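One file, entry34.txt, carrying compact mmCIF, C-alpha atoms:
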```txt
# COMPACT_ATOMS: atom_id res chain seq x y z
CA MET A 1417 -70.15 -50.31 29.97
CA GLU A 1418 -71.03 -52.55 27.01
CA PHE A 1419 -67.33 -52.92 26.10
CA THR A 1420 -66.53 -54.10 29.64
CA LYS A 1421 -69.38 -56.62 29.50
CA VAL A 1422 -68.19 -57.98 26.13
CA ARG A 1423 -64.58 -58.13 27.34
CA THR A 1424 -65.59 -59.93 30.55
CA GLN A 1425 -67.62 -62.45 28.53
CA HIS A 1426 -64.63 -63.02 26.22
CA ILE A 1427 -62.33 -63.71 29.20
CA ASP A 1428 -65.00 -65.90 30.82
CA ASN A 1429 -65.34 -67.99 27.66
CA LYS A 1430 -61.60 -68.32 27.17
CA ILE A 1431 -61.05 -69.61 30.73
CA LEU A 1432 -64.17 -71.79 30.69
CA PHE A 1433 -63.18 -73.58 27.49
CA LYS A 1434 -59.60 -74.06 28.75
CA VAL A 1435 -61.08 -75.81 31.77
CA GLN A 1436 -63.19 -77.96 29.44
CA GLY A 1437 -59.94 -79.16 27.88
CA LEU A 1438 -59.09 -80.83 31.22
CA ARG A 1439 -62.04 -83.23 31.05
CA ARG A 1440 -61.19 -86.87 31.75
CA SER A 1441 -63.48 -89.66 32.98
CA THR A 1442 -61.73 -89.93 36.36
CA LEU A 1443 -61.82 -86.18 36.87
CA ASP A 1444 -65.48 -86.16 35.78
CA LYS A 1445 -66.33 -88.42 38.73
CA ILE A 1446 -64.23 -86.40 41.18
CA MET A 1447 -65.71 -83.06 40.13
CA THR A 1448 -69.24 -84.47 40.19
CA PHE A 1449 -68.64 -85.72 43.73
CA PHE A 1450 -67.37 -82.33 44.93
CA THR A 1451 -70.19 -80.42 43.30
CA HIS A 1452 -72.73 -82.77 44.93
CA ILE A 1453 -71.31 -82.23 48.41
CA GLY A 1454 -71.71 -78.50 47.80
CA ASN A 1455 -75.38 -78.85 46.84
CA GLY A 1456 -77.57 -76.86 49.19
CA ALA A 1457 -74.45 -76.05 51.24
CA LEU A 1458 -75.10 -79.37 52.97
CA VAL A 1459 -71.45 -80.09 53.74
CA TRP A 1460 -71.26 -76.72 55.49
CA VAL A 1461 -74.61 -77.06 57.27
CA PHE A 1462 -73.61 -80.49 58.61
CA THR A 1463 -70.25 -79.03 59.66
CA GLY A 1464 -72.08 -76.26 61.55
CA ILE A 1465 -74.41 -78.75 63.23
CA TYR A 1466 -71.47 -80.98 64.20
CA ILE A 1467 -69.51 -78.04 65.64
CA THR A 1468 -72.58 -76.83 67.56
CA LEU A 1469 -73.47 -80.22 69.03
CA PHE A 1470 -70.12 -81.94 69.55
CA THR A 1471 -67.37 -79.38 70.13
CA GLN A 1472 -66.47 -76.61 72.52
CA TYR A 1473 -66.92 -74.08 69.68
CA LYS A 1474 -70.74 -74.06 69.80
CA TYR A 1475 -70.83 -70.32 69.08
CA HIS A 1476 -68.84 -70.87 65.88
CA GLY A 1477 -71.22 -73.61 64.77
CA VAL A 1478 -74.18 -71.28 65.19
CA LEU A 1479 -72.26 -68.49 63.45
CA LEU A 1480 -71.54 -70.85 60.55
CA ILE A 1481 -75.20 -71.81 60.16
CA VAL A 1482 -76.39 -68.19 60.39
CA THR A 1483 -73.75 -67.16 57.83
CA ILE A 1484 -74.92 -69.88 55.43
CA ILE A 1485 -78.51 -68.66 55.77
CA MET A 1486 -77.47 -65.02 55.20
CA THR A 1487 -75.38 -66.07 52.20
CA ALA A 1488 -78.39 -67.86 50.71
CA PHE A 1489 -80.51 -64.71 51.07
CA SER A 1490 -77.74 -62.60 49.54
CA ASN A 1491 -77.35 -65.06 46.69
CA VAL A 1492 -81.08 -65.05 45.87
CA PHE A 1493 -81.09 -61.25 45.88
CA ILE A 1494 -78.06 -60.98 43.56
CA LYS A 1495 -79.33 -63.73 41.21
CA SER A 1496 -82.65 -61.90 40.84
CA ARG A 1497 -80.80 -58.75 39.78
CA PHE A 1498 -78.60 -60.36 37.10
CA ASN A 1499 -80.64 -63.30 35.74
CA ARG A 1500 -77.61 -64.50 33.76
CA LEU A 1501 -77.77 -67.57 31.54
CA ARG A 1502 -75.51 -70.50 32.40
CA PRO A 1503 -72.82 -71.72 30.00
CA CYS A 1504 -74.79 -74.96 29.51
CA ASP A 1505 -77.77 -72.87 28.33
CA ILE A 1506 -75.73 -70.90 25.84
CA TYR A 1507 -73.44 -73.63 24.49
CA LYS A 1508 -75.85 -76.55 24.27
CA ASP A 1509 -73.41 -78.69 22.28
CA VAL A 1510 -71.12 -79.07 25.33
CA PRO A 1511 -72.35 -82.02 27.39
CA ILE A 1512 -72.91 -81.47 31.09
CA LEU A 1513 -72.43 -84.29 33.56
CA ILE A 1514 -75.00 -83.21 36.15
CA ARG A 1515 -78.61 -82.14 36.02
CA ARG A 1516 -78.89 -78.56 34.82
CA PRO A 1517 -79.11 -76.28 37.87
CA MET A 1518 -82.11 -74.02 38.21
CA GLY A 1519 -81.93 -70.27 38.24
CA SER A 1520 -79.45 -67.63 37.28
CA SER A 1521 -75.77 -68.35 36.86
CA LEU A 1522 -74.50 -65.22 38.62
CA PRO A 1523 -73.26 -65.63 41.34
CA SER A 1524 -72.38 -69.24 42.06
CA GLY A 1525 -74.29 -70.28 45.16
CA HIS A 1526 -71.98 -73.26 45.73
CA THR A 1527 -69.04 -70.87 45.74
CA ALA A 1528 -70.68 -68.22 47.91
CA SER A 1529 -71.71 -70.68 50.62
CA SER A 1530 -68.35 -72.46 50.48
CA PHE A 1531 -66.24 -69.33 50.84
CA ALA A 1532 -68.55 -67.83 53.47
CA SER A 1533 -68.22 -71.05 55.47
CA ALA A 1534 -64.47 -71.27 54.96
CA THR A 1535 -64.10 -67.67 56.18
CA VAL A 1536 -66.03 -68.46 59.38
CA LEU A 1537 -64.04 -71.66 59.91
CA LEU A 1538 -60.79 -69.77 59.33
CA HIS A 1539 -61.89 -67.33 62.04
CA MET A 1540 -62.55 -70.30 64.34
CA ASN A 1541 -59.35 -72.25 63.70
CA TYR A 1542 -56.56 -71.65 61.20
CA THR A 1543 -55.95 -75.31 60.31
CA VAL A 1544 -59.64 -76.15 59.97
CA GLY A 1545 -60.13 -72.95 57.97
CA MET A 1546 -57.32 -73.79 55.55
CA ILE A 1547 -58.83 -77.23 54.93
CA ALA A 1548 -62.22 -75.57 54.40
CA LEU A 1549 -60.64 -73.08 51.95
CA ALA A 1550 -59.15 -75.96 49.95
CA LEU A 1551 -62.55 -77.67 49.85
CA ALA A 1552 -64.23 -74.38 48.88
CA PHE A 1553 -61.78 -73.96 46.02
CA ILE A 1554 -62.41 -77.50 44.73
CA ILE A 1555 -66.20 -77.13 44.96
CA SER A 1556 -65.96 -73.81 43.10
CA PHE A 1557 -63.69 -75.23 40.42
CA SER A 1558 -66.10 -78.15 39.95
CA ARG A 1559 -68.77 -75.66 38.88
CA LEU A 1560 -66.54 -74.45 36.02
CA TYR A 1561 -65.46 -77.97 35.14
CA LEU A 1562 -69.08 -79.15 35.00
CA PHE A 1563 -69.97 -76.22 32.70
CA VAL A 1564 -72.67 -74.67 34.87
CA HIS A 1565 -70.90 -71.40 35.78
CA PHE A 1566 -68.66 -68.82 34.18
CA PRO A 1567 -65.46 -67.73 35.97
CA SER A 1568 -67.00 -64.33 36.80
CA ASP A 1569 -69.91 -66.18 38.49
CA ILE A 1570 -67.33 -67.93 40.65
CA LEU A 1571 -65.49 -64.69 41.39
CA LEU A 1572 -68.68 -62.92 42.49
CA GLY A 1573 -69.57 -65.98 44.56
CA VAL A 1574 -66.22 -65.77 46.37
CA LEU A 1575 -66.65 -62.05 46.98
CA SER A 1576 -70.25 -62.24 48.17
CA GLY A 1577 -69.57 -65.21 50.46
CA VAL A 1578 -66.54 -63.63 52.08
CA VAL A 1579 -68.31 -60.28 52.51
CA VAL A 1580 -71.31 -61.90 54.21
CA ALA A 1581 -69.00 -63.81 56.56
CA LEU A 1582 -66.93 -60.71 57.34
CA ILE A 1583 -70.12 -58.81 58.17
CA ASN A 1584 -71.46 -61.62 60.38
CA ILE A 1585 -68.27 -62.37 62.35
CA PRO A 1586 -67.95 -58.99 64.15
CA ILE A 1587 -71.69 -58.91 64.86
CA ALA A 1588 -71.50 -62.38 66.40
CA VAL A 1589 -68.42 -61.44 68.44
CA ARG A 1590 -70.32 -58.49 69.95
CA LEU A 1591 -73.29 -60.70 70.84
CA VAL A 1592 -71.25 -63.25 72.75
```
Kindly transcribe the structure held in the file into structure tokens.
Amino acid sequence: MEFTKVRTQHIDNKILFKVQGLRRSTLDKIMTFFTHIGNGALVWVFTGIYITLFTQYKYHGVLLIVTIIMTAFSNVFIKSRFNRLRPCDIYKDVPILIRRPMGSSLPSGHTASSFASATVLLHMNYTVGMIALALAFIISFSRLYLFVHFPSDILLGVLSGVVVALINIPIAVRLV
């Protein structure tokens, strides 16, 4: 078990520092923007509210909001179990461009909510879902770029978000 943990950390660090090699002032601004729109899953909450209030897919809007809430609960539960330090806490000599996030690094909440939302939106409409997946990917990558998550945090965020959405979708279908 310890060997796997050490090996995972080695791979995490290798990828994370490769990403740090991409840093440029223009990209800094772009990644900061995308991470901010992922804060609190607000982009996804507003999308759910818009769908609920202004489209014929009201059920999908409600499903999206419920999925975001369930993902947040899942994320809090997982974070409490791992309590993993963030890269910016371990490697203090690497500057971060945003305020240090609170709480555990594992899993990435931005990633979990983004991929849960993208999964629901993909269920609703293929084109909208593909756009949402692209946005989810960029938001998730921004967390690596900004040095606040390890790649394995992102991976677990993707998995947990998709699993929550895939659990919620069939339940919602039965209720309608």
List as a PDB file with C-alpha atoms, in the frame of the given file the protein and nucleic acid residues near Ala1528 of chain A, meaning an atom at most 9 Å away when all atoms listed in the file are counted, but skip any in the same chain fewer than 4 places from it.
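Now in result09.pdb:
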```pdb
ATOM      1  CA  ILE A1484     -74.920 -69.880  55.430  1.00  0.00           C
ATOM      2  CA  THR A1487     -75.380 -66.070  52.200  1.00  0.00           C
ATOM      3  CA  ALA A1488     -78.390 -67.860  50.710  1.00  0.00           C
ATOM      4  CA  ASN A1491     -77.350 -65.060  46.690  1.00  0.00           C
ATOM      5  CA  PRO A1523     -73.260 -65.630  41.340  1.00  0.00           C
ATOM      6  CA  SER A1524     -72.380 -69.240  42.060  1.00  0.00           C
ATOM      7  CA  ALA A1532     -68.550 -67.830  53.470  1.00  0.00           C
ATOM      8  CA  SER A1533     -68.220 -71.050  55.470  1.00  0.00           C
ATOM      9  CA  ALA A1552     -64.230 -74.380  48.880  1.00  0.00           C
ATOM     10  CA  SER A1556     -65.960 -73.810  43.100  1.00  0.00           C
ATOM     11  CA  ILE A1570     -67.330 -67.930  40.650  1.00  0.00           C
ATOM     12  CA  LEU A1572     -68.680 -62.920  42.490  1.00  0.00           C
ATOM     13  CA  GLY A1573     -69.570 -65.980  44.560  1.00  0.00           C
ATOM     14  CA  VAL A1574     -66.220 -65.770  46.370  1.00  0.00           C
ATOM     15  CA  LEU A1575     -66.650 -62.050  46.980  1.00  0.00           C
ATOM     16  CA  SER A1576     -70.250 -62.240  48.170  1.00  0.00           C
ATOM     17  CA  GLY A1577     -69.570 -65.210  50.460  1.00  0.00           C
ATOM     18  CA  VAL A1578     -66.540 -63.630  52.080  1.00  0.00           C
ATOM     19  CA  VAL A1580     -71.310 -61.900  54.210  1.00  0.00           C
TER      20      VAL A1580
END
```
Point-to-point distance from atom CA of Met1486 of chain A to atom CA of Phe1449 of chain A, Å rounded to tenths | 25.3 Å
Report the distance between atom CA of Gly1519 of chain A and atom CA of Val1459 of chain A in Å, rounded to one decimal place.
-> 21.1 Å
Of the candidates A:Leu1469, A:Ile1547, A:Val1579, A:Val1435, which shows the shortest atom-to-atom distance to Leu1560 of chain A, using only C-alpha atoms?
-> A:Val1435
Residues near segment 1504-1511 of chain A, cut-off 10 Å, only C-alpha atoms, skip fewer than 6 positions along chain, as a list in words =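 Residues near the query, excluding close chain neighbours: Phe1433, Gln1436, Pro1517, Ser1521, Leu1562, Phe1563, Val1564, His1565 and Phe1566 of chain A.
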Between atom CA of Asp1428 of chain A and atom CA of Ser1558 of chain A, distance in Å (one decimal) = 15.3 Å
Would you kindly return, as JSON, numbers by chain, each protein, DNA or RNA residue with an atom no farther than 12 Å from any atom of Lys1445 of chain A, considering only C-alpha atoms and excluding same-chain residues fewer than 6 positions away?
-> {"A": [1439, 1451, 1452, 1513, 1514, 1558, 1561, 1562]}
Incomplete segment 1462-1477 of chain A brought to N, CA and C atoms, written out as an mmCIF file, in the frame of the given file:
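That gives us rebuild-v5.cif:
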```
data_model
loop_
_atom_site.group_PDB
_atom_site.id
_atom_site.type_symbol
_atom_site.label_atom_id
_atom_site.label_comp_id
_atom_site.auth_asym_id
_atom_site.auth_seq_id
_atom_site.Cartn_x
_atom_site.Cartn_y
_atom_site.Cartn_z
ATOM 1 N N PHE A 1462 -73.942 -79.364 57.731
ATOM 2 C CA PHE A 1462 -73.610 -80.490 58.610
ATOM 3 C C PHE A 1462 -72.374 -80.180 59.462
ATOM 4 N N THR A 1463 -71.428 -79.445 58.886
ATOM 5 C CA THR A 1463 -70.250 -79.030 59.660
ATOM 6 C C THR A 1463 -70.693 -78.117 60.807
ATOM 7 N N GLY A 1464 -71.580 -77.167 60.515
ATOM 8 C CA GLY A 1464 -72.080 -76.260 61.550
ATOM 9 C C GLY A 1464 -72.840 -76.999 62.638
ATOM 10 N N ILE A 1465 -73.659 -77.954 62.242
ATOM 11 C CA ILE A 1465 -74.410 -78.750 63.230
ATOM 12 C C ILE A 1465 -73.442 -79.562 64.089
ATOM 13 N N TYR A 1466 -72.457 -80.186 63.458
ATOM 14 C CA TYR A 1466 -71.470 -80.980 64.200
ATOM 15 C C TYR A 1466 -70.729 -80.104 65.216
ATOM 16 N N ILE A 1467 -70.252 -78.943 64.751
ATOM 17 C CA ILE A 1467 -69.510 -78.040 65.640
ATOM 18 C C ILE A 1467 -70.399 -77.604 66.814
ATOM 19 N N THR A 1468 -71.645 -77.290 66.519
ATOM 20 C CA THR A 1468 -72.580 -76.830 67.560
ATOM 21 C C THR A 1468 -72.852 -77.922 68.597
ATOM 22 N N LEU A 1469 -73.052 -79.143 68.129
ATOM 23 C CA LEU A 1469 -73.470 -80.220 69.030
ATOM 24 C C LEU A 1469 -72.316 -80.957 69.719
ATOM 25 N N PHE A 1470 -71.164 -81.032 69.060
ATOM 26 C CA PHE A 1470 -70.120 -81.940 69.550
ATOM 27 C C PHE A 1470 -68.771 -81.319 69.855
ATOM 28 N N THR A 1471 -68.664 -79.999 69.831
ATOM 29 C CA THR A 1471 -67.370 -79.380 70.130
ATOM 30 C C THR A 1471 -67.557 -78.260 71.156
ATOM 31 N N GLN A 1472 -66.445 -77.741 71.587
ATOM 32 C CA GLN A 1472 -66.470 -76.610 72.520
ATOM 33 C C GLN A 1472 -66.716 -75.287 71.804
ATOM 34 N N TYR A 1473 -66.760 -75.301 70.473
ATOM 35 C CA TYR A 1473 -66.920 -74.080 69.680
ATOM 36 C C TYR A 1473 -68.370 -73.865 69.247
ATOM 37 N N LYS A 1474 -69.313 -74.126 70.131
ATOM 38 C CA LYS A 1474 -70.740 -74.060 69.800
ATOM 39 C C LYS A 1474 -71.117 -72.730 69.134
ATOM 40 N N TYR A 1475 -70.558 -71.650 69.645
ATOM 41 C CA TYR A 1475 -70.830 -70.320 69.080
ATOM 42 C C TYR A 1475 -70.417 -70.255 67.611
ATOM 43 N N HIS A 1476 -69.291 -70.879 67.270
ATOM 44 C CA HIS A 1476 -68.840 -70.870 65.880
ATOM 45 C C HIS A 1476 -69.752 -71.707 64.987
ATOM 46 N N GLY A 1477 -70.274 -72.801 65.534
ATOM 47 C CA GLY A 1477 -71.220 -73.610 64.770
ATOM 48 C C GLY A 1477 -72.474 -72.838 64.428
#
```
